[in-house]
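Novice: Structure in structure tokens, see below.
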Amino acid sequence: MKNKVATLIVGFALSASICLLLLGAFYFAWSLTFDIKDVGKIPERSSVYDMDGKIYSRLRGENRILIEPGKISPSFKLALLAREDSRFYRHRGIDLVGIVRAFSRDVVHLRVREGGSTITQQLARNSFPLGGRNLGRKMLEAFVALRLEASYSKEQILEFYANRIYFGSGVYGLETASQTYFGKPSVDLTLSEAALLAGLIRSPNRYSPRTNMEGAIAQRDDVLNRMAELKLISSAQATSAEKASVHLANRRSTTAQENYAMDAIYRELQGLVSQDAIDSGGLRIYTSLDPELQRTAELATDNVLTQVENKTGYKHPKKSDFTEQARAAEEQTRYLQGAVITIDNRTGAIRALVGGRDYQDSKYNRALQAYRQVGSTFKPFVYAAAFERGMMPGTGIDDSALRHQEISAAPDWNPDNSDGQNHGVLPARNGLIFSRNTMTIRVGELATLDRVISLGQSAGFARTIPRVPASYLGAFESDLKDVTAAYSAFAAQGQRKEPYLIERVDDVDGNIIYQAHPNHKEAMSPAIAWMIAQTVRGVIEHGTAASAKSLGLTRYAGGKTGTTDDFKDAWFVGFTNSLTCGVWVGFDQPQTIQERGYGATLALPIWVKVMEKASRQKYPDGPFPAPEPLVHVRLCSVSNRLATDACAAAGDSYDIMLPQSIVPAQYCPVHVGRQLGDTDGSREQRGASEDFTSHLLRSLRHLFGG
């Protein structure tokens, strides 16, 4: 009988051993299906850097910044060991003492109450999909932990684990938690701060210091006491750390900024790299953004428009009346909006982008997505086309009302000037400086509609410009980015550079996977671009934007106002040598903003604030450099040729500095006279050219007076 019992016992033990071996073999084989190298591939948000290579923000995804190798905080390491695994350096991934203790308690309570997991086991669980909270998962976890210990050093395991910990409030990893909660790198954590973070690990949302400071401090003190008990720190150090006050950072420096610029960066990135690369994270995205200028543009837009809303008699809904419920519902808003773009003329780099007053209210990006009537902002391109055909800044142009059938393509079209006045023949430059509609139409007719449209599209001003005379006055739509980029050509000697936000993208291994090579083209000749820049300088000096000086402008700049019919859109686009800034103001659903809501009233104040804040070291200004030697000449305002003494006697001559390539070669054939230094030979030369110019001169007299 005794032998029979002994045999049964031995048989049972043998069977149990075989079962355990088979079970172990099964879970060991299962553990081999996981690639241990993946433990080091920790999901990280892609980082976005500004123009100076400093961190600006991060893309969507897990809010995590990885600790640099070998840079884990010593204080946090000790706090972590005390909190989670005091025998970490004495086991090889599995702590049998801890497992037995935890298993016995689980059996007593008939459910999993205590894990007994080592840091290595927790790393295995955090790194791989091992299944639910059950005994099978624990077996698999143990074998994966053994493989981790065989593959990595203890220090590497600690760093991997610290990078994967969830610290509550959407924060992953020690470095992210340190910067989020304390505004400092994790290597600089104090003992008190390190213990507090270690105390969050088991219940991060419950003990987050942002929502439960009392609970967080209690957990910190538990960790400090445990550290002292294990002789990891002295009792005096623990007491001192318990007395230390906790100072949370005022802002979450690692949380991705949600603004129109970041939204635009993400959209541009989608066209440059694969969506898989974006979703995998870890990219280093180097952008053209100037964070100081970006903040200035955001504040200026909202502050100036808030002042407009607070003026007596303002009749529209105000941003301050916008409710939280409306914020969640509206793609476009009912209150007054604005948009700003600044472009570096030298490269095409976008330095600031504001698509509206509040990204939380509306994701609709008015700088890139809104197509609005451009109004008078198109006029400089009309004059540029005319300059290319031989018109000069001092050419006499009639400002009187349009005559019936004067414009053959629109015989009944007769728009007047915005002030309702007409002033007879004026220098062409005045038509642009003071935004005279009747003069601009006649200048456009001189240039021809085809040439005006061709130049406008060459500069990228709009995707489509209708072939109708109303286009001279900007009776078509474009977006702020294209309008601003087109204006940058005036300050860049006629070169229109494609605007961009992303300079370079590196992958997680530091390999360059995208490098910007922006396209550029000659939108107009350098000489013509310089002449327009010189002319629109007058817009700010004494024209429609003369109020810029009283608004605080001290920079040397040129620009143009724009206002559409019924004051539905207000524009100002202007530039210095190095920076072009475009501003638009209006409602998402076009309507009159206010009576006399001109571009100079609504958009110009925003522009001045942005341009004045722009660093003079980064964005110098000064007189626009001539692209070639300048020549002082006296011209006739009627013929656009070199003036004779008869031109002067008739009061039709003026002095001007011109690029030498566009200085006329002939003298005026309209006024009979003799230029200083004139000879019989030169007079014969003029006679030979008279047939060539007579038709143009008759057209000038018919169209423009004089």
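Letters A, B, ... mark the chains of the structure tokens in the order given; residue numbers begin at 1 per chain; ligand numbers begin at 1, in order shown.
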Determine, counting only C-alpha atoms, which protein, DNA and RNA residues have an atom within 10 Å of an atom of segment 616-618 of chain A; residues of the same chain fewer than 5 positions away are not included. Present the result as a VMD selection string.

Specialist: chain A and resid 290 344 555 578 to 579 611

Novice: Produce a file of the selected residues containing N, CA and C atoms, as a PDB file, in the first residue's frame.

Specialist:
```pdb
ATOM      1  N   ASP A 290       9.669  81.848 -37.287  1.00  0.00           N
ATOM      2  CA  ASP A 290      10.305  82.723 -36.300  1.00  0.00           C
ATOM      3  C   ASP A 290       9.321  82.817 -35.132  1.00  0.00           C
ATOM      4  N   ASP A 344      10.086  85.724 -45.945  1.00  0.00           N
ATOM      5  CA  ASP A 344      11.445  86.222 -46.113  1.00  0.00           C
ATOM      6  C   ASP A 344      11.708  86.356 -47.611  1.00  0.00           C
ATOM      7  N   ARG A 555      10.257 101.874 -39.956  1.00  0.00           N
ATOM      8  CA  ARG A 555      11.060 101.138 -40.925  1.00  0.00           C
ATOM      9  C   ARG A 555      10.881 101.698 -42.328  1.00  0.00           C
ATOM     10  N   SER A 578      13.936  92.868 -46.731  1.00  0.00           N
ATOM     11  CA  SER A 578      14.084  91.453 -46.411  1.00  0.00           C
ATOM     12  C   SER A 578      12.781  90.736 -46.075  1.00  0.00           C
ATOM     13  N   LEU A 579      11.721  91.455 -45.752  1.00  0.00           N
ATOM     14  CA  LEU A 579      10.512  90.806 -45.247  1.00  0.00           C
ATOM     15  C   LEU A 579       9.265  91.396 -45.893  1.00  0.00           C
ATOM     16  N   MET A 611       5.597  94.305 -38.385  1.00  0.00           N
ATOM     17  CA  MET A 611       6.854  94.727 -38.999  1.00  0.00           C
ATOM     18  C   MET A 611       7.770  95.441 -38.012  1.00  0.00           C
TER      19      MET A 611
END
```

Novice: Show which residues sit within 7 Å of segment 487-497 of chain A, as a PyMOL selection string. Count only C-alpha atoms, and ignore same-chain residues fewer than 5 positions away.

Specialist: chain A and resi 345-348+459+518-526+529-530+532-533+575-577+580+627

Novice: Would you mind listing what lies within 12 Å of His542 of chain A as number ranges by chain, with only C-alpha atoms counted and same-chain residues fewer than 6 positions away left out?

Specialist: A: 430, 432-435, 535-536, 548-550, 558-560

Novice: Output C-alpha atoms for every residue in the selection just made, as a compact mmCIF listing (two decimals), in the first residue's frame.

Specialist:
```txt
# COMPACT_ATOMS: atom_id res chain seq x y z
CA ASN A 430 0.01 109.26 -58.18
CA LEU A 432 -0.81 104.02 -57.58
CA ILE A 433 0.16 106.00 -54.49
CA PHE A 434 -3.38 107.33 -54.01
CA SER A 435 -5.13 104.29 -55.49
CA THR A 535 6.60 104.00 -56.17
CA VAL A 536 4.75 102.13 -53.41
CA ALA A 548 1.53 104.11 -40.79
CA LYS A 549 3.90 106.67 -39.28
CA SER A 550 1.39 107.74 -36.66
CA GLY A 558 6.65 100.12 -49.26
CA GLY A 559 3.20 98.61 -49.64
CA LYS A 560 -0.34 98.88 -50.86
```

Novice: Taking into account only C-alpha atoms, which residue in the set A:Ala546, A:Ile55, A:Ile540, A:Leu81 is nearest to Leu230 of chain A?

Specialist: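 Smallest separation from Leu230 of chain A among the options: A:Leu81.
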
Novice: Looking at only C-alpha atoms, which of A:Ala527, A:Ile502, A:Ala370, A:Ala218 is the one that sits closest to Val273 of chain A?

Specialist: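 Answer, going by the shortest atom-to-atom distance: A:Ile502.
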
Novice: From the set A:Ala195, A:Leu189, A:Leu224, A:Val608, which residue has the shortest atom-to-atom contact distance to Val304 of chain A, counting only C-alpha atoms?

Specialist: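 That would be A:Val608, the residue with the smallest distance to Val304 of chain A.
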
Novice: Among segment 179-316 of chain A, which ones does DSSP place in helix (DSSP H, G or I), written as a PyMOL selection string?

Specialist: chain A and resi 179-182+186-188+191-200+213-229+235-243+260-270+275-280+291-309

Novice: Please report the interatomic distance between atom CA of Gln122 of chain A and atom CA of Asp188 of chain A in Å with one decimal.

Specialist: 25.5 Å

Novice: Between atom CA of Leu293 of chain A and atom CA of Ile606 of chain A, measure the distance and give it in Å to one decimal.

Specialist: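 Separation of atom CA of Leu293 of chain A and atom CA of Ile606 of chain A: 12.3 Å.
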
Novice: To one decimal place in Å, what is the distance between atom CA of Ala82 of chain A and atom CA of Ala228 of chain A?

Specialist: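 It comes out at 9.0 Å.
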
Novice: Nearest residue to Lys54 of chain A out of A:Ala643, A:Leu426, A:Ile285, A:Ile67, using only C-alpha atoms?

Specialist: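 The closest residue to Lys54 of chain A is A:Ile285.
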
Novice: What's around segment 90-95 of chain A at 7 Å? Count only C-alpha atoms, leave out sequence neighbours fewer than 2 positions away in its own chain, and write the answer as an NGL selection string.

Specialist: :A and (87-88 or 97-99 or 118 or 120-121 or 142 or 145-146 or 149)

Novice: Kindly save the residues from that selection, with N, CA and C atoms included, as a PDB file, in the first residue's frame.

Specialist:
```
ATOM      1  N   ARG A  87      15.019  45.139  -5.557  1.00  0.00           N
ATOM      2  CA  ARG A  87      15.971  44.061  -5.810  1.00  0.00           C
ATOM      3  C   ARG A  87      16.405  44.020  -7.288  1.00  0.00           C
ATOM      4  N   PHE A  88      16.211  45.151  -7.996  1.00  0.00           N
ATOM      5  CA  PHE A  88      16.449  45.207  -9.439  1.00  0.00           C
ATOM      6  C   PHE A  88      17.837  44.700  -9.823  1.00  0.00           C
ATOM      7  N   VAL A  97      11.111  35.838  -5.143  1.00  0.00           N
ATOM      8  CA  VAL A  97      10.530  36.193  -3.842  1.00  0.00           C
ATOM      9  C   VAL A  97       9.265  37.011  -4.054  1.00  0.00           C
ATOM     10  N   GLY A  98       9.335  37.972  -4.923  1.00  0.00           N
ATOM     11  CA  GLY A  98       8.169  38.816  -5.192  1.00  0.00           C
ATOM     12  C   GLY A  98       7.047  38.053  -5.845  1.00  0.00           C
ATOM     13  N   ILE A  99       7.400  37.133  -6.746  1.00  0.00           N
ATOM     14  CA  ILE A  99       6.365  36.367  -7.442  1.00  0.00           C
ATOM     15  C   ILE A  99       5.628  35.442  -6.481  1.00  0.00           C
ATOM     16  N   THR A 118       8.776  42.748 -11.695  1.00  0.00           N
ATOM     17  CA  THR A 118       9.998  43.545 -11.651  1.00  0.00           C
ATOM     18  C   THR A 118       9.893  44.663 -12.677  1.00  0.00           C
ATOM     19  N   THR A 120      11.851  44.994 -15.120  1.00  0.00           N
ATOM     20  CA  THR A 120      12.060  44.345 -16.420  1.00  0.00           C
ATOM     21  C   THR A 120      10.753  43.751 -16.934  1.00  0.00           C
ATOM     22  N   GLN A 121       9.982  43.133 -16.048  1.00  0.00           N
ATOM     23  CA  GLN A 121       8.692  42.581 -16.462  1.00  0.00           C
ATOM     24  C   GLN A 121       7.728  43.698 -16.884  1.00  0.00           C
ATOM     25  N   ALA A 142       7.190  36.899 -17.962  1.00  0.00           N
ATOM     26  CA  ALA A 142       8.411  36.448 -17.300  1.00  0.00           C
ATOM     27  C   ALA A 142       9.450  36.000 -18.314  1.00  0.00           C
ATOM     28  N   ALA A 145      10.849  38.942 -20.116  1.00  0.00           N
ATOM     29  CA  ALA A 145      11.763  39.647 -19.213  1.00  0.00           C
ATOM     30  C   ALA A 145      13.123  38.969 -19.187  1.00  0.00           C
ATOM     31  N   LEU A 146      13.141  37.645 -19.158  1.00  0.00           N
ATOM     32  CA  LEU A 146      14.413  36.919 -19.181  1.00  0.00           C
ATOM     33  C   LEU A 146      15.199  37.233 -20.457  1.00  0.00           C
ATOM     34  N   GLU A 149      16.707  40.765 -20.171  1.00  0.00           N
ATOM     35  CA  GLU A 149      17.895  40.795 -19.310  1.00  0.00           C
ATOM     36  C   GLU A 149      19.111  40.209 -20.024  1.00  0.00           C
TER      37      GLU A 149
END
```

Novice: DSSP on the backbone: which residues in segment 294-474 of chain A end up as strand (DSSP E)? Give the answer as a PyMOL selection string.

Specialist: chain A and resi 337-344+350-354+372-373+396-398+425-427

Novice: Just to be explicit: take each residue in the selection above, keep C-alpha atoms, and write the result as a PDB file, in the first residue's frame.

Specialist:
```
ATOM      1  CA  GLN A 337     -11.514  87.602 -38.525  1.00  0.00           C
ATOM      2  CA  GLY A 338      -8.022  88.333 -39.735  1.00  0.00           C
ATOM      3  CA  ALA A 339      -5.021  86.555 -41.211  1.00  0.00           C
ATOM      4  CA  VAL A 340      -1.309  87.319 -41.471  1.00  0.00           C
ATOM      5  CA  ILE A 341       1.614  85.861 -43.422  1.00  0.00           C
ATOM      6  CA  THR A 342       5.216  87.055 -43.367  1.00  0.00           C
ATOM      7  CA  ILE A 343       7.679  85.828 -45.997  1.00  0.00           C
ATOM      8  CA  ASP A 344      11.445  86.222 -46.113  1.00  0.00           C
ATOM      9  CA  ILE A 350       7.373  81.722 -44.202  1.00  0.00           C
ATOM     10  CA  ARG A 351       8.360  83.327 -40.880  1.00  0.00           C
ATOM     11  CA  ALA A 352       4.868  83.673 -39.390  1.00  0.00           C
ATOM     12  CA  LEU A 353       1.422  82.392 -40.328  1.00  0.00           C
ATOM     13  CA  VAL A 354      -1.839  83.323 -38.635  1.00  0.00           C
ATOM     14  CA  ARG A 372     -11.328  86.676 -51.174  1.00  0.00           C
ATOM     15  CA  GLN A 373     -11.642  89.665 -53.470  1.00  0.00           C
ATOM     16  CA  GLY A 396       0.645 112.057 -67.485  1.00  0.00           C
ATOM     17  CA  ILE A 397      -2.478 109.929 -66.974  1.00  0.00           C
ATOM     18  CA  ASP A 398      -6.009 111.271 -67.010  1.00  0.00           C
ATOM     19  CA  VAL A 425      -4.082 114.668 -65.692  1.00  0.00           C
ATOM     20  CA  LEU A 426      -1.698 113.481 -62.942  1.00  0.00           C
ATOM     21  CA  PRO A 427       1.658 111.684 -62.899  1.00  0.00           C
TER      22      PRO A 427
END
```

Novice: Set the distance at 10 Å and use only C-alpha atoms: which residues neighbour Asp52 of chain A once local chain neighbours fewer than 2 positions away are removed? I'd like the list as a compact mmCIF listing (two decimals) with N, CA and C atoms, in the first residue's frame.

Specialist:
```txt
# COMPACT_ATOMS: atom_id res chain seq x y z
N TYR A 49 11.10 72.16 -35.11
CA TYR A 49 12.08 73.16 -34.72
C TYR A 49 11.83 74.47 -35.46
N ASP A 50 12.23 75.58 -34.84
CA ASP A 50 12.05 76.88 -35.46
C ASP A 50 13.23 77.21 -36.38
N LYS A 54 15.77 75.66 -32.66
CA LYS A 54 15.28 75.42 -31.31
C LYS A 54 13.91 74.76 -31.37
N ILE A 55 13.63 73.92 -30.36
CA ILE A 55 12.36 73.21 -30.36
C ILE A 55 11.20 74.21 -30.31
N TYR A 56 10.27 74.05 -31.22
CA TYR A 56 9.10 74.93 -31.27
C TYR A 56 7.85 74.21 -30.78
N TYR A 286 12.49 70.59 -39.34
CA TYR A 286 13.09 71.92 -39.21
C TYR A 286 12.31 72.89 -40.09
N THR A 287 11.74 73.91 -39.46
CA THR A 287 10.84 74.81 -40.17
C THR A 287 11.46 76.20 -40.31
N SER A 288 10.74 77.04 -41.03
CA SER A 288 11.18 78.42 -41.26
C SER A 288 10.58 79.40 -40.25
N LEU A 289 9.82 78.91 -39.28
CA LEU A 289 9.09 79.79 -38.38
C LEU A 289 10.01 80.59 -37.46
N ASP A 290 9.67 81.85 -37.29
CA ASP A 290 10.31 82.72 -36.30
C ASP A 290 9.32 82.82 -35.13
N PRO A 291 9.59 82.14 -34.00
CA PRO A 291 8.59 82.07 -32.93
C PRO A 291 8.21 83.43 -32.35
```

Novice: Find, counting only C-alpha atoms, the residue in A:Cys668, A:Val505, A:Ala646, A:Leu336 that gets nearest to Val48 of chain A.

Specialist: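 Closest residue, counting only C-alpha atoms: A:Val505.
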
Novice: Skip Pro204 of chain A itself and residues of its chain fewer than 5 positions away, then list as a count of residues only all residues within 7 Å of it, counting only C-alpha atoms.

Specialist: 3
